[in-house]
>>> print(open('entry_16.txt').read())   # compact mmCIF, C-alpha atoms
# COMPACT_ATOMS: atom_id res chain seq x y z
CA MET W 1 16.24 18.14 -7.03
CA ILE W 2 19.44 16.22 -7.61
CA VAL W 3 21.01 16.61 -11.04
CA VAL W 4 23.53 14.05 -12.28
CA ASN W 5 26.45 15.60 -14.16
CA LEU W 6 27.98 12.32 -15.25
CA ASP W 7 28.00 13.33 -18.93
CA VAL W 8 29.90 16.54 -18.07
CA MET W 9 32.56 14.62 -16.13
CA LEU W 10 32.83 12.02 -18.88
CA ALA W 11 33.40 14.78 -21.41
CA LYS W 12 36.01 16.45 -19.17
CA ARG W 13 37.90 13.18 -18.76
CA LYS W 14 37.33 12.30 -22.43
CA MET W 15 36.01 8.95 -21.39
CA LYS W 16 33.26 6.93 -23.00
CA LEU W 17 30.41 5.26 -21.11
CA LYS W 18 31.69 1.84 -22.15
CA GLU W 19 35.12 2.52 -20.64
CA LEU W 20 33.55 3.76 -17.41
CA SER W 21 31.35 0.67 -17.34
CA GLU W 22 34.43 -1.55 -17.55
CA HIS W 23 36.22 0.41 -14.80
CA VAL W 24 33.27 0.57 -12.42
CA GLY W 25 31.71 -2.83 -13.08
CA VAL W 26 28.23 -1.41 -13.68
CA THR W 27 26.38 -2.20 -16.90
CA ILE W 28 26.12 0.44 -19.64
CA THR W 29 22.34 0.27 -19.29
CA ASN W 30 22.50 1.22 -15.62
CA LEU W 31 25.08 3.95 -16.25
CA SER W 32 22.86 5.29 -18.99
CA ILE W 33 19.90 5.36 -16.55
CA LEU W 34 22.13 7.29 -14.13
CA LYS W 35 23.38 9.67 -16.81
CA THR W 36 19.89 10.52 -18.06
CA GLY W 37 18.65 11.22 -14.54
CA LYS W 38 16.15 8.36 -14.49
CA ALA W 39 17.81 6.63 -11.53
CA LYS W 40 16.00 6.68 -8.18
CA GLY W 41 19.22 6.49 -6.20
CA ILE W 42 22.90 5.61 -6.22
CA ARG W 43 24.73 3.30 -3.84
CA PHE W 44 27.79 4.63 -2.02
CA ASN W 45 30.06 1.93 -3.46
CA THR W 46 28.90 2.73 -7.02
CA LEU W 47 29.51 6.44 -6.39
CA ALA W 48 32.94 5.68 -4.93
CA ALA W 49 33.86 3.53 -7.94
CA ILE W 50 32.73 6.23 -10.40
CA CYS W 51 34.67 8.91 -8.47
CA GLU W 52 37.77 6.72 -8.53
CA ALA W 53 37.45 6.01 -12.26
CA LEU W 54 36.86 9.67 -13.13
CA ASP W 55 39.27 11.00 -10.47
CA CYS W 56 36.71 13.40 -9.05
CA GLN W 57 34.56 14.11 -5.96
CA PRO W 58 30.88 13.12 -5.49
CA GLY W 59 30.02 16.82 -5.78
CA ASP W 60 31.38 16.85 -9.31
CA ILE W 61 28.85 14.22 -10.35
CA LEU W 62 25.86 15.13 -8.20
CA GLU W 63 24.48 18.63 -7.88
CA TYR W 64 21.54 20.01 -5.94
CA GLN W 65 19.26 22.42 -7.79
CA LYS W 66 16.39 24.20 -6.14
CA SER W 67 13.08 23.27 -7.75
CA GLU W 68 11.30 26.22 -9.29
CA GLU W 69 7.98 26.84 -7.58
CA LEU W 70 5.05 27.50 -9.86
CA MET R 1 12.48 -26.00 -9.24
CA GLN R 2 14.36 -26.34 -5.96
CA ASN R 3 11.69 -25.31 -3.48
CA LYS R 4 9.82 -28.35 -2.08
CA THR R 5 6.64 -26.39 -1.41
CA ILE R 6 6.52 -25.12 -4.96
CA ARG R 7 7.15 -28.61 -6.33
CA LEU R 8 4.37 -29.99 -4.11
CA ALA R 9 1.97 -27.24 -5.21
CA SER R 10 2.80 -28.00 -8.82
CA ILE R 11 2.15 -31.73 -8.37
CA LEU R 12 -1.12 -31.09 -6.50
CA GLY R 13 -2.30 -28.68 -9.19
CA LYS R 14 -1.61 -31.18 -11.95
CA LEU R 15 -3.30 -33.92 -9.92
CA LEU R 16 -6.40 -31.75 -9.49
CA ILE R 17 -6.56 -31.10 -13.23
CA GLY R 18 -6.17 -34.83 -13.87
CA ILE R 19 -8.98 -35.71 -11.42
CA CYS R 20 -11.25 -33.08 -12.98
CA CYS R 21 -10.60 -34.44 -16.47
CA LEU R 22 -11.28 -38.03 -15.33
CA LEU R 23 -14.51 -37.09 -13.56
CA TYR R 24 -15.67 -35.07 -16.52
CA LEU R 25 -14.83 -37.88 -18.91
CA SER R 26 -16.78 -40.39 -16.82
CA PHE R 27 -19.79 -38.06 -16.71
CA LEU R 28 -19.51 -37.43 -20.44
CA ILE R 29 -19.57 -41.18 -21.13
CA ALA R 30 -22.61 -41.57 -18.85
CA PHE R 31 -24.31 -38.61 -20.52
CA VAL R 32 -23.77 -40.01 -24.02
CA TYR R 33 -24.87 -43.50 -22.93
CA TRP R 34 -28.00 -42.02 -21.32
CA HIS R 35 -29.19 -41.00 -24.81
CA PHE R 36 -29.19 -44.64 -25.93
CA ASP R 37 -30.36 -46.47 -22.81
CA GLN R 38 -32.01 -44.44 -20.09
CA THR R 39 -33.10 -47.48 -18.09
CA ALA R 40 -29.46 -48.26 -17.30
CA PHE R 41 -29.50 -45.33 -14.86
CA GLN R 42 -32.57 -46.29 -12.82
CA LEU R 43 -30.54 -46.64 -9.64
CA VAL R 44 -28.56 -43.40 -9.98
CA ASP R 45 -30.00 -40.71 -7.70
CA LEU R 46 -29.28 -37.12 -8.75
CA ASN R 47 -31.19 -35.41 -5.95
CA ASP R 48 -28.09 -33.72 -4.50
CA ALA R 49 -26.69 -32.84 -7.93
CA PHE R 50 -29.53 -30.37 -8.41
CA LYS R 51 -28.89 -28.46 -5.20
CA ALA R 52 -27.12 -25.11 -5.28
CA GLY R 53 -23.42 -24.89 -4.44
CA TYR R 54 -20.04 -25.21 -6.13
CA GLY R 55 -19.77 -28.27 -8.37
CA VAL R 56 -21.88 -31.38 -8.18
CA ASN R 57 -22.89 -32.00 -4.59
CA GLY R 58 -23.22 -35.72 -5.08
CA VAL R 59 -24.36 -38.54 -7.32
CA GLN R 60 -25.55 -41.61 -5.46
CA TYR R 61 -25.75 -45.11 -6.82
CA TYR R 62 -27.93 -47.72 -5.12
CA GLN R 63 -27.67 -51.46 -5.65
CA HIS R 64 -31.41 -52.14 -5.36
CA SER R 65 -34.41 -50.06 -6.30
CA ALA R 66 -35.81 -50.65 -2.79
CA GLN R 67 -32.93 -48.60 -1.39
CA LEU R 68 -33.90 -45.50 -3.36
CA PRO R 69 -35.23 -42.82 -1.00
CA SER R 70 -38.71 -41.39 -1.50
CA ASN R 71 -37.33 -38.05 -2.70
CA ALA R 72 -34.88 -39.67 -5.13
CA VAL R 73 -34.39 -38.20 -8.60
CA PRO R 74 -33.42 -41.19 -10.74
CA MET R 75 -31.28 -40.29 -13.71
CA SER R 76 -33.42 -42.51 -15.95
CA GLU R 77 -36.51 -40.40 -15.34
CA LEU R 78 -34.99 -37.00 -15.97
CA SER R 79 -36.18 -34.96 -18.91
CA PRO R 80 -33.60 -34.21 -21.65
CA GLY R 81 -33.76 -30.51 -20.73
CA MET R 82 -32.74 -31.20 -17.13
CA MET R 83 -29.98 -33.54 -18.27
CA TYR R 84 -28.60 -30.85 -20.57
CA TRP R 85 -28.82 -28.29 -17.76
CA LEU R 86 -26.91 -30.64 -15.43
CA PHE R 87 -24.33 -31.32 -18.10
CA PHE R 88 -23.92 -27.61 -18.81
CA ARG R 89 -23.52 -26.81 -15.10
CA ILE R 90 -20.95 -29.57 -14.60
CA SER R 91 -19.05 -28.39 -17.71
CA ILE R 92 -18.95 -24.83 -16.33
CA PHE R 93 -17.60 -25.94 -12.94
CA VAL R 94 -15.03 -28.31 -14.43
CA ALA R 95 -13.86 -25.63 -16.88
CA LEU R 96 -13.63 -23.03 -14.10
CA THR R 97 -11.73 -25.39 -11.80
CA ILE R 98 -9.25 -26.27 -14.55
CA LEU R 99 -8.79 -22.63 -15.59
CA ILE R 100 -8.27 -21.47 -11.99
CA THR R 101 -5.80 -24.30 -11.34
CA ARG R 102 -3.94 -23.55 -14.58
CA SER R 103 -3.58 -19.89 -13.67
CA ALA R 104 -2.44 -20.84 -10.17
CA LEU R 105 0.09 -23.28 -11.67
CA ARG R 106 1.48 -20.53 -13.90
CA ILE R 107 1.99 -18.34 -10.83
CA VAL R 108 3.64 -21.22 -8.97
CA HIS R 109 6.02 -21.89 -11.89
CA SER R 110 6.81 -18.19 -12.13
CA ILE R 111 7.66 -18.06 -8.40
CA GLY R 112 9.77 -21.17 -8.88
CA SER R 113 11.84 -19.45 -11.55
CA LEU R 114 12.26 -16.39 -9.27
CA LYS R 115 9.98 -14.18 -11.32
CA THR R 116 7.46 -13.50 -8.60
CA PHE R 117 6.53 -9.85 -8.97
CA TYR R 118 5.85 -9.78 -12.69
CA GLN R 119 2.95 -8.29 -14.63
CA ASP R 120 1.85 -11.74 -15.83
CA ASN R 121 1.27 -12.92 -12.26
CA ILE R 122 -0.87 -9.86 -11.52
CA ARG R 123 -2.89 -10.66 -14.64
CA HIS R 124 -3.26 -14.32 -13.62
CA LEU R 125 -4.48 -13.35 -10.16
CA ARG R 126 -7.05 -10.97 -11.60
CA THR R 127 -8.18 -13.73 -13.97
CA ILE R 128 -8.55 -16.11 -10.99
CA ALA R 129 -10.66 -13.44 -9.25
CA LEU R 130 -12.90 -13.20 -12.31
CA TYR R 131 -13.29 -16.98 -12.57
CA GLY R 132 -14.02 -17.11 -8.83
CA PHE R 133 -16.77 -14.55 -9.23
CA ILE R 134 -18.32 -16.45 -12.16
CA ALA R 135 -18.16 -19.61 -10.03
CA PHE R 136 -19.84 -17.73 -7.18
CA VAL R 137 -22.69 -16.62 -9.47
CA PHE R 138 -23.21 -20.13 -10.81
CA SER R 139 -23.02 -21.64 -7.32
CA THR R 140 -25.77 -19.49 -5.89
CA PHE R 141 -28.63 -21.11 -7.78
CA ASN R 142 -29.82 -24.36 -9.30
CA PHE R 143 -33.19 -25.63 -10.37
CA LEU R 144 -34.94 -28.91 -10.90
CA SER R 145 -38.04 -29.71 -12.89
CA PHE R 146 -39.11 -33.26 -12.09
CA GLU R 147 -42.44 -35.08 -12.17
CA GLY R 148 -44.37 -31.90 -12.93
CA GLN R 149 -42.80 -29.95 -10.06
CA SER R 150 -40.27 -27.17 -10.43
CA ASN R 151 -37.89 -26.28 -7.63
CA LEU R 152 -35.43 -23.43 -7.43
CA PHE R 153 -32.51 -23.82 -5.04
CA LEU R 154 -30.58 -20.83 -3.71
CA LYS R 155 -27.45 -20.82 -1.58
CA THR R 156 -24.71 -18.32 -0.80
CA ALA R 157 -21.50 -20.06 -1.79
CA PHE R 158 -18.79 -18.29 0.19
CA GLY R 159 -15.92 -20.46 -1.06
CA PRO R 160 -15.66 -19.04 -4.61
CA LEU R 161 -16.34 -15.52 -3.29
CA VAL R 162 -13.52 -15.78 -0.74
CA LEU R 163 -11.23 -17.12 -3.49
CA SER R 164 -12.16 -14.18 -5.71
CA VAL R 165 -11.54 -11.54 -3.02
CA GLY R 166 -8.33 -13.27 -1.92
CA ALA R 167 -7.02 -13.31 -5.50
CA LEU R 168 -7.81 -9.61 -5.90
CA VAL R 169 -5.97 -8.77 -2.66
CA LEU R 170 -3.00 -10.87 -3.78
CA ALA R 171 -3.03 -9.11 -7.17
CA GLU R 172 -2.69 -5.77 -5.37
CA VAL R 173 0.13 -7.16 -3.19
CA PHE R 174 1.92 -8.39 -6.31
CA ARG R 175 1.40 -5.01 -8.01
CA GLU R 176 2.98 -3.24 -5.03
CA GLY R 177 5.83 -5.77 -5.11
CA LYS R 178 6.36 -5.09 -8.80
CA ASN R 179 6.53 -1.34 -8.16
CA LEU R 180 9.07 -1.87 -5.37
CA LEU R 181 11.12 -4.16 -7.60
CA GLU R 182 11.15 -1.59 -10.39
CA GLU R 183 12.23 1.09 -7.93
CA GLN R 184 14.92 -1.19 -6.57
CA ASN R 185 16.22 -1.77 -10.10
CA LEU R 186 16.53 1.99 -10.58
CA ILE R 187 18.98 2.28 -7.70
CA ILE R 188 22.34 2.00 -9.37
>>> encode(input="entry_16.txt", output="structure tokens")
Amino acid sequence: MIVVNLDVMLAKRKMKLKELSEHVGVTITNLSILKTGKAKGIRFNTLAAICEALDCQPGDILEYQKSEEL
Amino acid sequence: MQNKTIRLASILGKLLIGICCLLYLSFLIAFVYWHFDQTAFQLVDLNDAFKAGYGVNGVQYYQHSAQLPSNAVPMSELSPGMMYWLFFRISIFVALTILITRSALRIVHSIGSLKTFYQDNIRHLRTIALYGFIAFVFSTFNFLSFEGQSNLFLKTAFGPLVLSVGALVLAEVFREGKNLLEEQNLII
């Protein structure tokens, strides 16, 4: 599964969701959906804008974790 | 509303409701008047009105009593029970037609304001399906008790049944559309 580490990167950059929203041009609601992992997907241009605003790579925001088999 | 088709559908729906109301009002006046003067309706033949099918199949008015066919059912000679049954049946069909048209109009307005795949539309379509099924049940039978004879009429009315099934299929299509829309909104 894909885990979104947006909250980690925000904390590292000491940036608030509202500031990121203003930089990226995505609503706080949508960023919140992304941050909480409820999003079904992310567009390349949104990812690029977030990476630019946070000065990071896509890998810093998205992480693949192997699902634990029961 | 910008779309011409939607505007036309809206106008037609309102027109249909208007026609239904006018027809019902005219029948209501005749029904009330019948209580006071039954002889005034000697030349009104209700033979077709007692046949099975959606709505009233026909009310015929003749200018002279000689024109009345041998199997005519003059309104003046109907028993109060049969008149009340006819009135009840007409009321049911008028109410169903208006309710179905109103639901369809709500869907049309919703599409016009670009809110197509919404829960309300799914609900309206399911309601139309229910009304269609009730109309189908009421259309299948009718009976007439006249001059000591009782007749039961049966007919399979496919129109309301097709409407009902079509509305159910559309409700499922709209539900799938709503799911896709929700998924689309979750792509940031």
>>> closest_residue(input="entry_16.txt", among="R:Gln42, R:Asn47, R:Ser79, R:Gln119", to="R:Tyr62", atoms="all atoms listed in the file")
R:Gln42
>>> residues_around(input="entry_16.txt", residues="stretch 35-48 of chain W", least_positions_apart="4", cutoff="12 Å", atoms="only C-alpha atoms", output="PyMOL selection string")
(chain W and resi 1-10+16-17+20-21+23-31+52-63) or (chain R and resi 180-188)
>>> write_last_selection(input="entry_16.txt", atoms="C-alpha atoms", output="CSV table (one decimal), keeping the file's coordinate frame")
chain,number,residue,atom,x,y,z
W,1,MET,CA,16.2,18.1,-7.0
W,2,ILE,CA,19.4,16.2,-7.6
W,3,VAL,CA,21.0,16.6,-11.0
W,4,VAL,CA,23.5,14.0,-12.3
W,5,ASN,CA,26.4,15.6,-14.2
W,6,LEU,CA,28.0,12.3,-15.2
W,7,ASP,CA,28.0,13.3,-18.9
W,8,VAL,CA,29.9,16.5,-18.1
W,9,MET,CA,32.6,14.6,-16.1
W,10,LEU,CA,32.8,12.0,-18.9
W,16,LYS,CA,33.3,6.9,-23.0
W,17,LEU,CA,30.4,5.3,-21.1
W,20,LEU,CA,33.6,3.8,-17.4
W,21,SER,CA,31.4,0.7,-17.3
W,23,HIS,CA,36.2,0.4,-14.8
W,24,VAL,CA,33.3,0.6,-12.4
W,25,GLY,CA,31.7,-2.8,-13.1
W,26,VAL,CA,28.2,-1.4,-13.7
W,27,THR,CA,26.4,-2.2,-16.9
W,28,ILE,CA,26.1,0.4,-19.6
W,29,THR,CA,22.3,0.3,-19.3
W,30,ASN,CA,22.5,1.2,-15.6
W,31,LEU,CA,25.1,4.0,-16.2
W,52,GLU,CA,37.8,6.7,-8.5
W,53,ALA,CA,37.4,6.0,-12.3
W,54,LEU,CA,36.9,9.7,-13.1
W,55,ASP,CA,39.3,11.0,-10.5
W,56,CYS,CA,36.7,13.4,-9.0
W,57,GLN,CA,34.6,14.1,-6.0
W,58,PRO,CA,30.9,13.1,-5.5
W,59,GLY,CA,30.0,16.8,-5.8
W,60,ASP,CA,31.4,16.8,-9.3
W,61,ILE,CA,28.8,14.2,-10.4
W,62,LEU,CA,25.9,15.1,-8.2
W,63,GLU,CA,24.5,18.6,-7.9
R,180,LEU,CA,9.1,-1.9,-5.4
R,181,LEU,CA,11.1,-4.2,-7.6
R,182,GLU,CA,11.2,-1.6,-10.4
R,183,GLU,CA,12.2,1.1,-7.9
R,184,GLN,CA,14.9,-1.2,-6.6
R,185,ASN,CA,16.2,-1.8,-10.1
R,186,LEU,CA,16.5,2.0,-10.6
R,187,ILE,CA,19.0,2.3,-7.7
R,188,ILE,CA,22.3,2.0,-9.4
>>> residues_around(input="entry_16.txt", residues="stretch 105-115 of chain R", least_positions_apart="4", cutoff="10 Å", atoms="all atoms listed in the file", output="ChimeraX atom specification")
/R:1-7,9-14,99-101,119-125
>>> closest_residue(input="entry_16.txt", among="R:Gln38, R:Gln60, R:Ser139, R:Ser65", to="R:Pro80", atoms="all atoms listed in the file")
R:Gln38
>>> residues_near_point(input="entry_16.txt", point="(-24.3, -27.4, -15.3)", cutoff="10 Å", atoms="only C-alpha atoms", output="ChimeraX atom specification")
/R:49-50,55-56,82-94,138-139,142
>>> closest_residue(input="entry_16.txt", among="W:Tyr64, W:Met15, W:Glu22, W:Leu34", to="chain R", atoms="all atoms listed in the file")
W:Leu34
>>> decode(input="entry_16.txt", residues="stretch 31-160 of chain R", atoms="C-alpha atoms", output="PDB file, in the first residue's frame")
ATOM      1  CA  PHE R  31     -68.799  13.763 -11.123  1.00  0.00           C
ATOM      2  CA  VAL R  32     -70.201  16.333  -8.688  1.00  0.00           C
ATOM      3  CA  TYR R  33     -72.901  17.402 -11.171  1.00  0.00           C
ATOM      4  CA  TRP R  34     -73.859  13.741 -11.720  1.00  0.00           C
ATOM      5  CA  HIS R  35     -75.008  13.601  -8.078  1.00  0.00           C
ATOM      6  CA  PHE R  36     -77.577  16.334  -8.733  1.00  0.00           C
ATOM      7  CA  ASP R  37     -78.760  15.536 -12.256  1.00  0.00           C
ATOM      8  CA  GLN R  38     -77.981  12.111 -13.645  1.00  0.00           C
ATOM      9  CA  THR R  39     -80.151  12.555 -16.730  1.00  0.00           C
ATOM     10  CA  ALA R  40     -77.755  15.213 -18.027  1.00  0.00           C
ATOM     11  CA  PHE R  41     -75.308  12.405 -18.861  1.00  0.00           C
ATOM     12  CA  GLN R  42     -77.628  10.184 -20.906  1.00  0.00           C
ATOM     13  CA  LEU R  43     -75.512  10.575 -24.022  1.00  0.00           C
ATOM     14  CA  VAL R  44     -72.128   9.977 -22.376  1.00  0.00           C
ATOM     15  CA  ASP R  45     -70.903   6.449 -23.087  1.00  0.00           C
ATOM     16  CA  LEU R  46     -68.410   5.048 -20.572  1.00  0.00           C
ATOM     17  CA  ASN R  47     -68.007   1.616 -22.153  1.00  0.00           C
ATOM     18  CA  ASP R  48     -64.289   2.093 -22.885  1.00  0.00           C
ATOM     19  CA  ALA R  49     -63.617   3.758 -19.524  1.00  0.00           C
ATOM     20  CA  PHE R  50     -64.295   0.459 -17.785  1.00  0.00           C
ATOM     21  CA  LYS R  51     -61.779  -1.523 -19.813  1.00  0.00           C
ATOM     22  CA  ALA R  52     -58.404  -2.433 -18.335  1.00  0.00           C
ATOM     23  CA  GLY R  53     -55.327  -0.388 -19.234  1.00  0.00           C
ATOM     24  CA  TYR R  54     -53.493   2.724 -18.103  1.00  0.00           C
ATOM     25  CA  GLY R  55     -55.791   5.694 -17.518  1.00  0.00           C
ATOM     26  CA  VAL R  56     -59.240   6.180 -18.957  1.00  0.00           C
ATOM     27  CA  ASN R  57     -59.414   4.543 -22.366  1.00  0.00           C
ATOM     28  CA  GLY R  58     -62.114   6.865 -23.595  1.00  0.00           C
ATOM     29  CA  VAL R  59     -65.302   8.722 -22.814  1.00  0.00           C
ATOM     30  CA  GLN R  60     -67.600   9.179 -25.782  1.00  0.00           C
ATOM     31  CA  TYR R  61     -70.290  11.776 -26.154  1.00  0.00           C
ATOM     32  CA  TYR R  62     -73.076  11.328 -28.699  1.00  0.00           C
ATOM     33  CA  GLN R  63     -75.363  14.078 -29.952  1.00  0.00           C
ATOM     34  CA  HIS R  64     -78.456  11.878 -30.268  1.00  0.00           C
ATOM     35  CA  SER R  65     -79.614   8.882 -28.292  1.00  0.00           C
ATOM     36  CA  ALA R  66     -80.075   6.995 -31.581  1.00  0.00           C
ATOM     37  CA  GLN R  67     -76.315   7.116 -32.083  1.00  0.00           C
ATOM     38  CA  LEU R  68     -75.614   5.228 -28.867  1.00  0.00           C
ATOM     39  CA  PRO R  69     -74.289   1.742 -29.648  1.00  0.00           C
ATOM     40  CA  SER R  70     -76.086  -1.327 -28.324  1.00  0.00           C
ATOM     41  CA  ASN R  71     -73.302  -2.072 -25.835  1.00  0.00           C
ATOM     42  CA  ALA R  72     -73.165   1.525 -24.570  1.00  0.00           C
ATOM     43  CA  VAL R  73     -72.804   2.223 -20.858  1.00  0.00           C
ATOM     44  CA  PRO R  74     -74.523   5.583 -20.379  1.00  0.00           C
ATOM     45  CA  MET R  75     -73.169   7.572 -17.472  1.00  0.00           C
ATOM     46  CA  SER R  76     -76.724   8.379 -16.351  1.00  0.00           C
ATOM     47  CA  GLU R  77     -77.510   4.725 -15.728  1.00  0.00           C
ATOM     48  CA  LEU R  78     -74.446   3.830 -13.725  1.00  0.00           C
ATOM     49  CA  SER R  79     -74.818   2.833 -10.103  1.00  0.00           C
ATOM     50  CA  PRO R  80     -73.175   5.124  -7.505  1.00  0.00           C
ATOM     51  CA  GLY R  81     -70.744   2.324  -6.628  1.00  0.00           C
ATOM     52  CA  MET R  82     -69.474   2.091 -10.209  1.00  0.00           C
ATOM     53  CA  MET R  83     -69.212   5.872 -10.438  1.00  0.00           C
ATOM     54  CA  TYR R  84     -67.122   5.954  -7.271  1.00  0.00           C
ATOM     55  CA  TRP R  85     -64.942   3.124  -8.583  1.00  0.00           C
ATOM     56  CA  LEU R  86     -64.390   5.028 -11.852  1.00  0.00           C
ATOM     57  CA  PHE R  87     -63.625   8.209  -9.957  1.00  0.00           C
ATOM     58  CA  PHE R  88     -61.189   6.394  -7.668  1.00  0.00           C
ATOM     59  CA  ARG R  89     -59.422   4.760 -10.628  1.00  0.00           C
ATOM     60  CA  ILE R  90     -59.124   8.065 -12.494  1.00  0.00           C
ATOM     61  CA  SER R  91     -57.811   9.759  -9.323  1.00  0.00           C
ATOM     62  CA  ILE R  92     -55.153   7.055  -8.938  1.00  0.00           C
ATOM     63  CA  PHE R  93     -53.958   7.396 -12.544  1.00  0.00           C
ATOM     64  CA  VAL R  94     -53.942  11.199 -12.466  1.00  0.00           C
ATOM     65  CA  ALA R  95     -52.054  11.204  -9.156  1.00  0.00           C
ATOM     66  CA  LEU R  96     -49.527   8.663 -10.456  1.00  0.00           C
ATOM     67  CA  THR R  97     -48.996  10.580 -13.697  1.00  0.00           C
ATOM     68  CA  ILE R  98     -48.446  13.842 -11.815  1.00  0.00           C
ATOM     69  CA  LEU R  99     -46.114  12.225  -9.267  1.00  0.00           C
ATOM     70  CA  ILE R 100     -44.055  10.493 -11.975  1.00  0.00           C
ATOM     71  CA  THR R 101     -43.834  13.712 -14.002  1.00  0.00           C
ATOM     72  CA  ARG R 102     -42.856  15.709 -10.906  1.00  0.00           C
ATOM     73  CA  SER R 103     -40.068  13.282 -10.079  1.00  0.00           C
ATOM     74  CA  ALA R 104     -38.892  13.341 -13.695  1.00  0.00           C
ATOM     75  CA  LEU R 105     -38.955  17.162 -13.639  1.00  0.00           C
ATOM     76  CA  ARG R 106     -36.802  17.194 -10.499  1.00  0.00           C
ATOM     77  CA  ILE R 107     -34.251  14.993 -12.262  1.00  0.00           C
ATOM     78  CA  VAL R 108     -34.348  17.234 -15.335  1.00  0.00           C
ATOM     79  CA  HIS R 109     -33.780  20.362 -13.204  1.00  0.00           C
ATOM     80  CA  SER R 110     -30.960  18.631 -11.360  1.00  0.00           C
ATOM     81  CA  ILE R 111     -29.269  17.723 -14.668  1.00  0.00           C
ATOM     82  CA  GLY R 112     -29.783  21.310 -15.802  1.00  0.00           C
ATOM     83  CA  SER R 113     -27.898  22.613 -12.783  1.00  0.00           C
ATOM     84  CA  LEU R 114     -25.071  20.095 -13.447  1.00  0.00           C
ATOM     85  CA  LYS R 115     -25.905  17.923 -10.464  1.00  0.00           C
ATOM     86  CA  THR R 116     -26.619  14.763 -12.405  1.00  0.00           C
ATOM     87  CA  PHE R 117     -25.119  11.959 -10.355  1.00  0.00           C
ATOM     88  CA  TYR R 118     -26.567  12.854  -6.977  1.00  0.00           C
ATOM     89  CA  GLN R 119     -28.272  10.681  -4.386  1.00  0.00           C
ATOM     90  CA  ASP R 120     -31.553  12.580  -4.807  1.00  0.00           C
ATOM     91  CA  ASN R 121     -31.772  11.596  -8.479  1.00  0.00           C
ATOM     92  CA  ILE R 122     -31.242   7.928  -7.605  1.00  0.00           C
ATOM     93  CA  ARG R 123     -34.048   8.250  -5.061  1.00  0.00           C
ATOM     94  CA  HIS R 124     -36.341   9.946  -7.607  1.00  0.00           C
ATOM     95  CA  LEU R 125     -35.719   7.203 -10.161  1.00  0.00           C
ATOM     96  CA  ARG R 126     -36.499   4.499  -7.625  1.00  0.00           C
ATOM     97  CA  THR R 127     -39.683   6.377  -6.704  1.00  0.00           C
ATOM     98  CA  ILE R 128     -40.647   6.521 -10.408  1.00  0.00           C
ATOM     99  CA  ALA R 129     -40.073   2.755 -10.597  1.00  0.00           C
ATOM    100  CA  LEU R 130     -42.379   2.231  -7.623  1.00  0.00           C
ATOM    101  CA  TYR R 131     -45.096   4.467  -9.087  1.00  0.00           C
ATOM    102  CA  GLY R 132     -44.721   2.657 -12.416  1.00  0.00           C
ATOM    103  CA  PHE R 133     -45.253  -0.676 -10.712  1.00  0.00           C
ATOM    104  CA  ILE R 134     -48.349   0.585  -8.875  1.00  0.00           C
ATOM    105  CA  ALA R 135     -49.646   1.903 -12.219  1.00  0.00           C
ATOM    106  CA  PHE R 136     -48.954  -1.498 -13.784  1.00  0.00           C
ATOM    107  CA  VAL R 137     -50.960  -3.262 -11.049  1.00  0.00           C
ATOM    108  CA  PHE R 138     -53.892  -0.883 -11.421  1.00  0.00           C
ATOM    109  CA  SER R 139     -53.772  -1.106 -15.224  1.00  0.00           C
ATOM    110  CA  THR R 140     -54.068  -4.870 -15.334  1.00  0.00           C
ATOM    111  CA  PHE R 141     -57.682  -5.054 -14.204  1.00  0.00           C
ATOM    112  CA  ASN R 142     -60.982  -3.221 -14.245  1.00  0.00           C
ATOM    113  CA  PHE R 143     -64.539  -4.288 -13.653  1.00  0.00           C
ATOM    114  CA  LEU R 144     -68.019  -3.182 -14.552  1.00  0.00           C
ATOM    115  CA  SER R 145     -71.317  -4.020 -12.940  1.00  0.00           C
ATOM    116  CA  PHE R 146     -74.109  -2.787 -15.197  1.00  0.00           C
ATOM    117  CA  GLU R 147     -77.721  -3.847 -15.734  1.00  0.00           C
ATOM    118  CA  GLY R 148     -77.351  -6.882 -13.488  1.00  0.00           C
ATOM    119  CA  GLN R 149     -74.219  -8.142 -15.248  1.00  0.00           C
ATOM    120  CA  SER R 150     -70.718  -8.063 -13.828  1.00  0.00           C
ATOM    121  CA  ASN R 151     -67.673  -8.074 -16.068  1.00  0.00           C
ATOM    122  CA  LEU R 152     -64.035  -8.300 -15.111  1.00  0.00           C
ATOM    123  CA  PHE R 153     -61.499  -6.981 -17.603  1.00  0.00           C
ATOM    124  CA  LEU R 154     -57.860  -8.076 -17.555  1.00  0.00           C
ATOM    125  CA  LYS R 155     -54.992  -6.771 -19.658  1.00  0.00           C
ATOM    126  CA  THR R 156     -51.209  -6.804 -19.385  1.00  0.00           C
ATOM    127  CA  ALA R 157     -50.201  -3.164 -19.519  1.00  0.00           C
ATOM    128  CA  PHE R 158     -46.580  -3.207 -20.648  1.00  0.00           C
ATOM    129  CA  GLY R 159     -46.156   0.584 -20.711  1.00  0.00           C
ATOM    130  CA  PRO R 160     -46.013   1.188 -16.935  1.00  0.00           C
TER     131      PRO R 160
END
